[in-house]
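A.B. asks: What follows is data.csv; its format and atoms are CSV, C-alpha atoms.
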chain,number,residue,atom,x,y,z
M,726,MET,CA,44.7,12.9,-30.9
M,727,SER,CA,47.7,10.7,-30.0
M,728,SER,CA,47.9,7.1,-30.9
M,729,ASP,CA,47.9,6.1,-27.2
M,730,THR,CA,44.7,8.0,-26.6
M,731,LYS,CA,43.1,6.3,-29.6
M,732,GLN,CA,44.1,2.9,-28.4
M,733,LEU,CA,42.8,3.6,-25.0
M,734,LYS,CA,39.4,4.7,-26.4
M,735,LEU,CA,39.3,1.6,-28.6
M,736,ALA,CA,40.0,-0.6,-25.6
M,737,GLU,CA,37.3,1.1,-23.6
M,738,GLN,CA,34.8,0.7,-26.4
M,739,LYS,CA,35.7,-3.0,-26.7
M,740,ASN,CA,35.3,-3.5,-23.0
M,741,SER,CA,31.9,-1.7,-23.2
M,742,ARG,CA,30.7,-4.0,-26.0
M,743,LYS,CA,31.9,-7.1,-24.1
M,744,GLU,CA,30.0,-5.9,-21.0
M,745,LEU,CA,26.9,-5.2,-23.0
M,746,ILE,CA,27.1,-8.6,-24.7
M,747,GLY,CA,27.6,-10.2,-21.3
M,748,LYS,CA,24.4,-8.6,-20.0
M,749,LEU,CA,22.2,-9.1,-23.0
M,750,GLY,CA,23.6,-12.4,-24.2
M,751,PRO,CA,21.6,-14.7,-21.9
M,752,LEU,CA,18.4,-12.8,-22.7
M,753,LEU,CA,19.0,-12.9,-26.4
M,754,ALA,CA,19.7,-16.6,-26.1
M,755,LEU,CA,16.4,-17.2,-24.3
M,756,ILE,CA,14.5,-15.3,-26.9
M,757,VAL,CA,16.0,-17.2,-29.7
M,758,LEU,CA,15.4,-20.5,-28.0
M,759,VAL,CA,11.7,-19.6,-27.3
M,760,ILE,CA,11.2,-18.7,-30.9
M,761,PHE,CA,12.9,-21.9,-32.2
M,762,VAL,CA,10.9,-24.2,-29.9
M,763,THR,CA,7.6,-22.3,-30.8
M,764,ILE,CA,8.3,-22.8,-34.5
M,765,LEU,CA,8.8,-26.5,-34.0
M,766,ASN,CA,5.8,-26.9,-31.6
M,767,PRO,CA,3.3,-24.0,-31.4
M,768,GLY,CA,1.8,-25.6,-28.3
M,769,PHE,CA,4.8,-24.3,-26.4
M,770,VAL,CA,3.3,-20.9,-25.9
M,771,ALA,CA,-0.1,-22.2,-24.7
M,772,PRO,CA,-0.9,-20.5,-21.4
M,773,ASN,CA,-1.1,-23.8,-19.5
M,774,ASN,CA,2.3,-25.0,-20.8
M,775,LEU,CA,3.9,-21.7,-19.9
M,776,LEU,CA,2.5,-21.9,-16.4
M,777,ASN,CA,3.8,-25.5,-16.1
M,778,LEU,CA,7.2,-24.3,-17.4
M,779,LEU,CA,7.4,-21.6,-14.8
M,780,ARG,CA,6.5,-24.1,-12.1
M,781,GLN,CA,9.2,-26.5,-13.3
M,782,VAL,CA,11.7,-23.7,-13.4
M,783,SER,CA,11.0,-22.5,-9.9
M,784,THR,CA,12.8,-25.3,-8.1
M,785,ASN,CA,15.9,-25.1,-10.2
M,786,ALA,CA,15.9,-21.3,-10.0
M,787,LEU,CA,15.8,-21.4,-6.2
M,788,ILE,CA,18.8,-23.7,-6.0
M,789,ALA,CA,20.6,-21.6,-8.7
M,790,PHE,CA,20.0,-18.4,-6.7
M,791,GLY,CA,21.9,-19.9,-3.8
M,792,MET,CA,24.6,-21.3,-6.1
M,793,THR,CA,25.1,-17.8,-7.6
M,794,PHE,CA,26.4,-16.5,-4.2
M,795,VAL,CA,28.8,-19.5,-4.0
M,796,ILE,CA,30.2,-19.3,-7.5
M,797,LEU,CA,30.6,-15.5,-7.2
M,798,THR,CA,33.3,-16.3,-4.5
M,799,GLY,CA,35.0,-18.8,-6.8
M,800,GLY,CA,33.4,-21.7,-5.0
M,801,ILE,CA,31.1,-24.6,-5.9
M,802,ASP,CA,28.4,-26.5,-4.0
M,803,LEU,CA,27.8,-30.1,-5.2
M,804,SER,CA,25.8,-31.0,-2.2
M,805,VAL,CA,22.6,-29.1,-2.9
M,806,GLY,CA,20.7,-32.1,-4.3
M,807,SER,CA,21.6,-34.1,-1.2
M,808,THR,CA,20.8,-31.2,1.1
M,809,LEU,CA,17.4,-31.0,-0.6
M,810,ALA,CA,16.7,-34.7,-0.1
M,811,LEU,CA,17.8,-34.8,3.6
M,812,SER,CA,16.0,-31.6,4.7
M,813,SER,CA,12.8,-32.8,2.9
M,814,ALA,CA,13.0,-36.2,4.5
M,815,LEU,CA,13.5,-34.7,8.0
M,816,MET,CA,10.5,-32.4,7.3
M,817,ALA,CA,8.3,-35.2,6.1
M,818,GLY,CA,9.3,-37.4,9.0
M,819,GLY,CA,8.4,-34.7,11.4
M,820,ILE,CA,5.0,-34.1,9.9
M,821,VAL,CA,4.3,-37.9,10.0
M,822,ALA,CA,5.3,-37.9,13.6
M,823,GLY,CA,2.7,-35.2,14.4
M,824,LEU,CA,4.7,-32.0,14.0
M,825,ASP,CA,2.8,-29.0,12.7
M,826,PRO,CA,3.6,-28.7,9.0
M,827,LEU,CA,4.4,-25.0,9.2
M,828,VAL,CA,6.9,-25.6,12.0
M,829,ALA,CA,8.3,-28.6,10.1
M,830,MET,CA,8.9,-26.4,7.0
M,831,VAL,CA,10.7,-23.8,9.0
M,832,LEU,CA,12.9,-26.4,10.7
M,833,ALA,CA,13.7,-27.9,7.2
M,834,ILE,CA,14.9,-24.5,6.0
M,835,ILE,CA,17.0,-24.2,9.2
M,836,ALA,CA,18.4,-27.7,8.7
M,837,GLY,CA,19.3,-26.7,5.1
M,838,GLY,CA,21.1,-23.6,6.4
M,839,LEU,CA,23.0,-25.7,9.0
M,840,LEU,CA,24.1,-28.3,6.3
M,841,GLY,CA,25.2,-25.5,4.1
M,842,GLY,CA,27.0,-23.8,7.0
M,843,PHE,CA,28.8,-27.1,7.6
M,844,ASN,CA,30.1,-27.0,4.1
M,845,GLY,CA,31.3,-23.4,4.7
M,846,LEU,CA,33.2,-24.6,7.9
M,847,LEU,CA,34.9,-27.4,6.0
M,848,ILE,CA,36.1,-24.9,3.4
M,849,THR,CA,37.1,-22.0,5.7
M,850,LYS,CA,38.3,-23.7,8.9
M,851,GLY,CA,39.2,-27.1,7.4
M,852,LYS,CA,41.0,-25.4,4.4
M,853,MET,CA,39.4,-27.9,2.0
M,854,ALA,CA,38.8,-27.1,-1.6
M,855,PRO,CA,35.1,-26.4,-2.2
M,856,PHE,CA,34.8,-29.1,-4.9
M,857,ILE,CA,36.2,-31.8,-2.5
M,858,ALA,CA,34.4,-30.6,0.6
M,859,THR,CA,30.9,-30.5,-1.1
M,860,LEU,CA,31.6,-33.7,-3.0
M,861,ALA,CA,32.2,-35.4,0.3
M,862,THR,CA,29.1,-33.9,2.0
M,863,MET,CA,27.0,-34.7,-1.1
M,864,THR,CA,27.8,-38.4,-0.3
M,865,ILE,CA,27.3,-38.0,3.4
M,866,PHE,CA,24.0,-36.2,3.2
M,867,ARG,CA,22.7,-38.6,0.6
M,868,GLY,CA,23.7,-41.5,2.8
M,869,ALA,CA,22.1,-39.9,5.9
M,870,THR,CA,18.9,-39.5,3.9
M,871,LEU,CA,18.9,-43.2,2.9
M,872,VAL,CA,19.6,-44.2,6.5
M,873,PHE,CA,16.8,-41.9,7.8
M,874,THR,CA,14.2,-43.2,5.3
M,875,ASN,CA,15.5,-46.7,5.2
M,876,GLY,CA,15.7,-46.2,1.4
M,877,ASN,CA,11.9,-45.8,1.1
M,878,PRO,CA,9.7,-42.8,0.3
M,879,ILE,CA,8.0,-41.1,3.2
M,880,THR,CA,4.3,-41.0,2.4
M,881,GLY,CA,1.1,-40.2,4.3
M,882,ILE,CA,2.3,-36.7,5.0
M,883,GLY,CA,-1.2,-35.4,5.6
M,884,ASP,CA,-3.8,-33.0,4.2
M,885,SER,CA,-2.6,-29.7,5.7
M,886,PHE,CA,-3.9,-26.9,3.5
M,887,ILE,CA,-0.6,-24.9,4.0
M,888,PHE,CA,1.6,-27.8,3.1
M,889,LYS,CA,-0.4,-28.6,-0.1
M,890,PHE,CA,-0.7,-25.0,-1.1
M,891,ILE,CA,3.1,-24.5,-1.1
M,892,GLY,CA,3.6,-26.9,-4.0
M,893,ARG,CA,0.2,-27.2,-5.6
M,894,GLY,CA,-1.6,-23.9,-4.9
M,895,TYR,CA,-2.3,-20.9,-7.1
M,896,LEU,CA,-2.2,-17.2,-6.2
M,897,PHE,CA,-4.2,-15.0,-8.6
M,898,GLY,CA,-3.8,-17.8,-11.3
M,899,ILE,CA,0.0,-18.1,-10.8
M,900,PRO,CA,1.4,-21.3,-9.4
M,901,PHE,CA,2.5,-20.6,-5.8
M,902,PRO,CA,6.0,-22.1,-6.4
M,903,VAL,CA,6.5,-19.3,-8.9
M,904,VAL,CA,5.5,-16.8,-6.3
M,905,VAL,CA,8.0,-18.3,-3.8
M,906,MET,CA,10.7,-18.1,-6.5
M,907,LEU,CA,10.0,-14.4,-7.2
M,908,LEU,CA,9.9,-13.5,-3.5
M,909,CYS,CA,13.2,-15.3,-2.9
M,910,PHE,CA,14.7,-13.6,-5.9
M,911,ALA,CA,13.7,-10.2,-4.7
M,912,VAL,CA,15.2,-10.8,-1.2
M,913,LEU,CA,18.4,-12.2,-2.6
M,914,PHE,CA,18.7,-9.5,-5.3
M,915,VAL,CA,18.6,-6.8,-2.6
M,916,LEU,CA,21.1,-8.7,-0.5
M,917,LEU,CA,23.5,-9.2,-3.3
M,918,HIS,CA,23.2,-6.0,-5.3
M,919,LYS,CA,22.1,-3.4,-2.9
M,920,MET,CA,23.7,-4.2,0.5
M,921,THR,CA,27.2,-4.3,1.9
M,922,PHE,CA,27.1,-8.1,2.2
M,923,GLY,CA,26.8,-8.4,-1.6
M,924,ARG,CA,29.7,-6.1,-2.2
M,925,LYS,CA,31.8,-8.2,0.1
M,926,VAL,CA,30.8,-11.3,-1.9
M,927,PHE,CA,32.0,-9.7,-5.1
M,928,ALA,CA,35.2,-8.5,-3.4
M,929,ILE,CA,36.1,-12.0,-2.2
M,930,GLY,CA,35.4,-13.4,-5.7
M,931,GLY,CA,37.4,-10.7,-7.4
M,932,ASN,CA,40.5,-10.9,-5.2
M,933,GLU,CA,40.3,-12.6,-1.8
M,934,LYS,CA,43.7,-11.4,-0.6
M,935,ALA,CA,42.8,-7.8,-1.4
M,936,ALA,CA,39.4,-8.3,0.4
M,937,PHE,CA,41.2,-9.6,3.5
M,938,ILE,CA,43.6,-6.6,3.5
M,939,ALA,CA,40.5,-4.3,3.2
M,940,GLY,CA,39.2,-5.8,6.4
M,941,ILE,CA,36.6,-8.2,5.0
M,942,LYS,CA,36.1,-11.3,7.1
M,943,SER,CA,36.0,-13.7,4.2
M,944,ASP,CA,35.5,-16.8,6.4
M,945,ARG,CA,32.2,-15.5,7.9
M,946,ILE,CA,31.0,-14.4,4.4
M,947,LYS,CA,31.7,-17.8,2.9
M,948,ILE,CA,30.0,-19.7,5.7
M,949,ALA,CA,27.0,-17.4,5.3
M,950,ILE,CA,26.8,-17.9,1.5
M,951,TYR,CA,27.0,-21.7,1.8
M,952,ALA,CA,24.2,-21.5,4.4
M,953,ILE,CA,22.2,-19.5,1.9
M,954,SER,CA,22.8,-22.2,-0.7
M,955,GLY,CA,21.6,-24.8,1.7
M,956,MET,CA,18.5,-22.9,2.6
M,957,MET,CA,17.5,-22.3,-1.0
M,958,ALA,CA,17.9,-26.1,-1.7
M,959,SER,CA,15.6,-26.8,1.3
M,960,VAL,CA,13.0,-24.4,0.0
M,961,ALA,CA,13.1,-26.2,-3.3
M,962,GLY,CA,12.8,-29.5,-1.5
M,963,ILE,CA,9.7,-28.3,0.4
M,964,ILE,CA,8.0,-27.4,-2.9
M,965,ILE,CA,8.9,-30.7,-4.5
M,966,THR,CA,7.7,-32.7,-1.4
M,967,SER,CA,4.5,-30.8,-1.3
M,968,ARG,CA,3.8,-31.3,-5.0
M,969,LEU,CA,4.5,-35.1,-4.8
M,970,ASN,CA,3.0,-35.4,-1.3
M,971,SER,CA,6.0,-37.6,-0.4
M,972,ALA,CA,9.7,-37.3,0.4
M,973,GLN,CA,11.8,-39.4,-2.0
M,974,PRO,CA,15.3,-40.5,-0.7
M,975,THR,CA,16.5,-40.0,-4.3
M,976,ALA,CA,15.1,-36.5,-4.7
M,977,GLY,CA,17.5,-33.9,-6.0
M,978,GLN,CA,19.9,-36.1,-7.8
M,979,SER,CA,21.8,-34.2,-10.5
M,980,TYR,CA,20.1,-31.0,-9.5
M,981,GLU,CA,23.5,-29.4,-8.8
M,982,MET,CA,24.3,-29.7,-12.5
M,983,ASP,CA,21.2,-27.9,-13.7
M,984,ALA,CA,21.8,-25.2,-11.1
M,985,ILE,CA,25.5,-24.7,-12.0
M,986,ALA,CA,24.5,-24.6,-15.7
M,987,SER,CA,21.8,-21.9,-15.0
M,988,VAL,CA,24.3,-19.8,-13.1
M,989,VAL,CA,27.0,-20.0,-15.9
M,990,LEU,CA,24.4,-19.5,-18.7
M,991,GLY,CA,23.3,-16.4,-16.8
M,992,GLY,CA,26.8,-14.9,-17.2
M,993,THR,CA,28.3,-15.6,-13.8
M,994,SER,CA,32.0,-16.4,-14.0
M,995,LEU,CA,33.2,-19.7,-12.6
M,996,SER,CA,36.3,-17.9,-11.4
M,997,GLY,CA,34.2,-15.6,-9.3
M,998,GLY,CA,33.8,-11.9,-8.9
M,999,ARG,CA,31.5,-11.3,-11.8
M,1000,GLY,CA,27.8,-12.1,-12.3
M,1001,ARG,CA,24.2,-11.1,-11.7
M,1002,LEU,CA,21.2,-12.7,-10.1
M,1003,VAL,CA,19.0,-11.6,-13.0
M,1004,GLY,CA,21.3,-13.5,-15.3
M,1005,THR,CA,20.8,-16.6,-13.2
M,1006,LEU,CA,17.0,-16.3,-13.4
M,1007,ILE,CA,17.3,-16.0,-17.2
M,1008,GLY,CA,19.7,-19.0,-17.2
M,1009,ALA,CA,17.2,-21.1,-15.2
M,1010,LEU,CA,14.5,-20.1,-17.8
M,1011,ILE,CA,16.8,-21.2,-20.6
M,1012,MET,CA,17.3,-24.6,-18.9
M,1013,GLY,CA,13.6,-24.9,-18.2
M,1014,THR,CA,12.7,-24.0,-21.8
M,1015,LEU,CA,15.2,-26.5,-23.1
M,1016,ASN,CA,13.8,-29.3,-20.9
M,1017,ASN,CA,10.2,-28.4,-21.7
M,1018,GLY,CA,10.8,-28.0,-25.4
M,1019,LEU,CA,12.6,-31.3,-25.7
M,1020,ASN,CA,9.7,-33.0,-23.9
M,1021,LEU,CA,7.1,-31.4,-26.2
M,1022,LEU,CA,9.2,-32.5,-29.2
M,1023,GLY,CA,9.2,-36.1,-27.9
M,1024,VAL,CA,12.9,-36.3,-27.5
M,1025,SER,CA,14.1,-39.3,-25.4
M,1026,SER,CA,15.2,-38.5,-21.9
M,1027,PHE,CA,18.5,-40.2,-22.8
M,1028,TYR,CA,19.2,-37.7,-25.6
M,1029,GLN,CA,18.1,-34.9,-23.3
M,1030,GLN,CA,21.0,-35.7,-21.0
M,1031,ILE,CA,23.4,-35.4,-23.9
M,1032,VAL,CA,21.9,-32.1,-25.0
M,1033,LYS,CA,22.1,-30.7,-21.4
M,1034,GLY,CA,25.7,-31.8,-21.2
M,1035,ILE,CA,26.6,-30.1,-24.4
M,1036,VAL,CA,24.9,-26.9,-23.2
M,1037,ILE,CA,27.0,-27.0,-20.0
M,1038,ILE,CA,30.2,-27.4,-22.1
M,1039,ILE,CA,29.2,-24.4,-24.3
M,1040,ALA,CA,28.4,-22.3,-21.3
M,1041,VAL,CA,31.8,-23.0,-19.7
M,1042,LEU,CA,33.7,-22.4,-22.9
M,1043,LEU,CA,31.9,-19.1,-23.3
M,1044,ASP,CA,32.9,-18.2,-19.7
M,1045,ARG,CA,36.5,-19.0,-20.4
M,1046,LYS,CA,36.5,-16.6,-23.4
M,1047,LYS,CA,35.3,-13.6,-21.3
Show the structure stored in the file as C-alpha cells.
C.D. replies:
Amino acid sequence: MSSDTKQLKLAEQKNSRKELIGKLGPLLALIVLVIFVTILNPGFVAPNNLLNLLRQVSTNALIAFGMTFVILTGGIDLSVGSTLALSSALMAGGIVAGLDPLVAMVLAIIAGGLLGGFNGLLITKGKMAPFIATLATMTIFRGATLVFTNGNPITGIGDSFIFKFIGRGYLFGIPFPVVVMLLCFAVLFVLLHKMTFGRKVFAIGGNEKAAFIAGIKSDRIKIAIYAISGMMASVAGIIITSRLNSAQPTAGQSYEMDAIASVVLGGTSLSGGRGRLVGTLIGALIMGTLNNGLNLLGVSSFYQQIVKGIVIIIAVLLDRKK
C-alpha cells in the first residue's frame, strides 16, 4: 500500500471520527450534565420536575427550531424575542376585543410569519447583513409592542378552554406545550431533512454562489426560512401568553441568546451548511437542564447569567474548531 493511500485512509478515518463526535457530542454532554445535576440534587429526576423541565424547554426549543433554519444558511435572527412579544400582544388584544381565541392564535402565527418575512426581505432585497437587519427589527418590533400595549400587560384575556389548554393543559399526562414542541419538531424535521426545501437550505449555507449557479432561488428560500423563524417565535409566544394568561410587553427578552446557544450546542455551524434539527432539540434540553439544575441548587439568577454566557462562549469556540 502506497504512502498516499495510507494518508488518504487516515484522513477519511479522522473525518469519520470528527463526524461521529459531532453527532454524539451534544447527547453525551446532555447525559453528563443530567448525571452531574442529579448527584448534586437527586430531586432533579423527580417526575414532576422532569415534566416541568420539558414544559420550560418547549418554548426555547420552538424558537431554536426556527433559528436552526436561519443559521444553516449562515444567517442570524436577533428579532425572535421581539417577534414573540408583538405577535402575542396582537393576539391578546384581539381576544380582549372579542375575537375568537382560535382565530386570534392563527392570526398571531401569520403575523409572526410576516414579521419574519420582513426580515428576509431586508436581507435579500435590501442587501443588509442579517445581524444588522434583525438587530434593527428587534428594536422596531419591541417598540411597536410597547406602543400597542402602552407599556402595560394585556390582561383579562378570558377563560376559553382552547386558549388555556395550549399553555396549561395536559395530554395523556404530558404538558401540552411539550406535545406542540414535538409536533413542530416532526414537521420541521421532515421539511429540513427529507424534502427538497431542506436540501436547498443546506446548499445555500454550504456555498451560496454554487447554489445560485445550480438554479436555487436563494432569495425565496431565505425569506421563507425567516418567516419560519418568525412563526416559531409566535407559537412560543402563544404558549407563554396562555400560561401567564396575559401578554407582557417585555416578553421574550434575551430569548434569542438561549435559542442561538441551543442551536450551536446542538452542533449546527454558525458559518452555515452543517447541522441537524435533532441536535438543536438536544441543545435546548442542555440549556433547560442547566437552568433547571441551577435553580434547584439555589444559584442566584445573576450567576446564572454568567454561567449561560460561558456556555455560549464554549459552544462557539467548539464550533470554530470543527
A.B. asks: Find the distance between atom CA of Leu1019 of chain M and atom CA of Tyr895 of chain M and write it in Å to one decimal.
C.D. replies: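 Atom CA of Tyr895 of chain M lies 26.0 Å from atom CA of Leu1019 of chain M.
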A.B. asks: What separation in Å, quoted to one decimal, exists between atom CA of Ile865 of chain M and atom CA of Pro974 of chain M?
C.D. replies: 12.9 Å
A.B. asks: Give me, as a list of chain:residue names, all polymer residues having an atom no more than 7 Å from Ile891 of chain M, counting all atoms listed in the file and skipping those fewer than 4 positions away in the same chain.
C.D. replies: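 Contacts, with the query itself left out: M:Ile887, M:Phe901, M:Pro902, M:Ile964, M:Ser967.
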A.B. asks: Kindly export the residues of the current selection with C-alpha atoms, as an mmCIF file, keeping the file's coordinate frame.
C.D. replies:
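Here's the written file out29.cif:
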data_model
loop_
_atom_site.group_PDB
_atom_site.id
_atom_site.type_symbol
_atom_site.label_atom_id
_atom_site.label_comp_id
_atom_site.auth_asym_id
_atom_site.auth_seq_id
_atom_site.Cartn_x
_atom_site.Cartn_y
_atom_site.Cartn_z
ATOM 1 C CA ILE M 887 -0.600 -24.900 4.000
ATOM 2 C CA PHE M 901 2.500 -20.600 -5.800
ATOM 3 C CA PRO M 902 6.000 -22.100 -6.400
ATOM 4 C CA ILE M 964 8.000 -27.400 -2.900
ATOM 5 C CA SER M 967 4.500 -30.800 -1.300
#
A.B. asks: Enter the distance from atom CA of Leu1010 of chain M to atom CA of Gly992 of chain M, in Å, rounded to one decimal.
C.D. replies: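 Pair atom CA of Leu1010 of chain M / atom CA of Gly992 of chain M returns 13.4 Å.
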A.B. asks: Here is a test: counting only C-alpha atoms, which residue of M:Ser987, M:Ser1026, M:Thr874, M:Asn774 is nearest to Gln973 of chain M?
C.D. replies: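 Closest residue, counting only C-alpha atoms: M:Thr874.
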A.B. asks: Please produce, as JSON lines, a per-residue contact table for segment 742-852 of chain M versus segment 908-921 of chain M (criterion: any atom at most 8 Å away, all atoms listed in the file considered), showing the nearest atom pair and its distance in Å to one decimal, sorted by chain then residue number.
C.D. replies:
{"residue": "M:Leu787", "atom": "CA", "partner": "M:Cys909", "partner_atom": "CA", "distance": 7.4}
{"residue": "M:Phe790", "atom": "CA", "partner": "M:Phe910", "partner_atom": "CA", "distance": 7.2}
{"residue": "M:Phe794", "atom": "CA", "partner": "M:Leu917", "partner_atom": "CA", "distance": 7.9}
A.B. asks: Restricted to C-alpha atoms, what would the selected residues look like written as a PDB file, keeping the file's coordinate frame?
C.D. replies:
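So the final result, stored in selection37.pdb, reads:
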ATOM      1  CA  LEU M 787      15.800 -21.400  -6.200  1.00  0.00           C
ATOM      2  CA  PHE M 790      20.000 -18.400  -6.700  1.00  0.00           C
ATOM      3  CA  PHE M 794      26.400 -16.500  -4.200  1.00  0.00           C
TER       4      PHE M 794
END
A.B. asks: I'd like the neighbourhood of Pro855 of chain M as JSON, numbers by chain, where a residue qualifies if any of its atoms comes within 10 Å (using all atoms listed in the file), though same-chain residues fewer than 6 positions away should be ignored.
C.D. replies: {"M": [795, 799, 800, 801, 802, 803, 844, 845, 847, 848, 849, 861]}
A.B. asks: Can you find the residues with an atom no farther than 9 Å from (20.3, -35.8, -1.5), counting all atoms listed in the file, and report them as a list in words?
C.D. replies: Ser804, Val805, Gly806, Ser807, Thr808, Leu809, Ala810, Leu811, Ser812, Met863, Thr864, Ile865, Phe866, Arg867, Gly868, Ala869, Thr870, Leu871, Pro974, Thr975, Ala976, Gly977 and Gln978 of chain M
A.B. asks: Would you save the residues from that selection as a PDB file, in the frame of the given file, using C-alpha atoms?
C.D. replies:
ATOM      1  CA  SER M 804      25.800 -31.000  -2.200  1.00  0.00           C
ATOM      2  CA  VAL M 805      22.600 -29.100  -2.900  1.00  0.00           C
ATOM      3  CA  GLY M 806      20.700 -32.100  -4.300  1.00  0.00           C
ATOM      4  CA  SER M 807      21.600 -34.100  -1.200  1.00  0.00           C
ATOM      5  CA  THR M 808      20.800 -31.200   1.100  1.00  0.00           C
ATOM      6  CA  LEU M 809      17.400 -31.000  -0.600  1.00  0.00           C
ATOM      7  CA  ALA M 810      16.700 -34.700  -0.100  1.00  0.00           C
ATOM      8  CA  LEU M 811      17.800 -34.800   3.600  1.00  0.00           C
ATOM      9  CA  SER M 812      16.000 -31.600   4.700  1.00  0.00           C
ATOM     10  CA  MET M 863      27.000 -34.700  -1.100  1.00  0.00           C
ATOM     11  CA  THR M 864      27.800 -38.400  -0.300  1.00  0.00           C
ATOM     12  CA  ILE M 865      27.300 -38.000   3.400  1.00  0.00           C
ATOM     13  CA  PHE M 866      24.000 -36.200   3.200  1.00  0.00           C
ATOM     14  CA  ARG M 867      22.700 -38.600   0.600  1.00  0.00           C
ATOM     15  CA  GLY M 868      23.700 -41.500   2.800  1.00  0.00           C
ATOM     16  CA  ALA M 869      22.100 -39.900   5.900  1.00  0.00           C
ATOM     17  CA  THR M 870      18.900 -39.500   3.900  1.00  0.00           C
ATOM     18  CA  LEU M 871      18.900 -43.200   2.900  1.00  0.00           C
ATOM     19  CA  PRO M 974      15.300 -40.500  -0.700  1.00  0.00           C
ATOM     20  CA  THR M 975      16.500 -40.000  -4.300  1.00  0.00           C
ATOM     21  CA  ALA M 976      15.100 -36.500  -4.700  1.00  0.00           C
ATOM     22  CA  GLY M 977      17.500 -33.900  -6.000  1.00  0.00           C
ATOM     23  CA  GLN M 978      19.900 -36.100  -7.800  1.00  0.00           C
TER      24      GLN M 978
END
A.B. asks: Restricting the calculation to all atoms listed in the file, which member of M:Gly883, M:Arg893, M:Val988, M:Thr859 is positioned closest to Gly842 of chain M?
C.D. replies: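 Selected residue with least distance to Gly842 of chain M: M:Thr859.
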A.B. asks: For Asn932 of chain M, which residue out of M:Arg780, M:Ile796, M:Gly997, M:Leu758 is the nearest one, using only C-alpha atoms?
C.D. replies: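 Of M:Arg780, M:Ile796, M:Gly997, M:Leu758, the one nearest Asn932 of chain M, counting only C-alpha atoms, is M:Gly997.
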A.B. asks: Find the residues around Ile834 of chain M up to 8 Å (all atoms listed in the file counted), leave out those fewer than 6 positions away in its own chain, and share them as a PyMOL selection string.
C.D. replies: chain M and resi 812+955-957+959-960
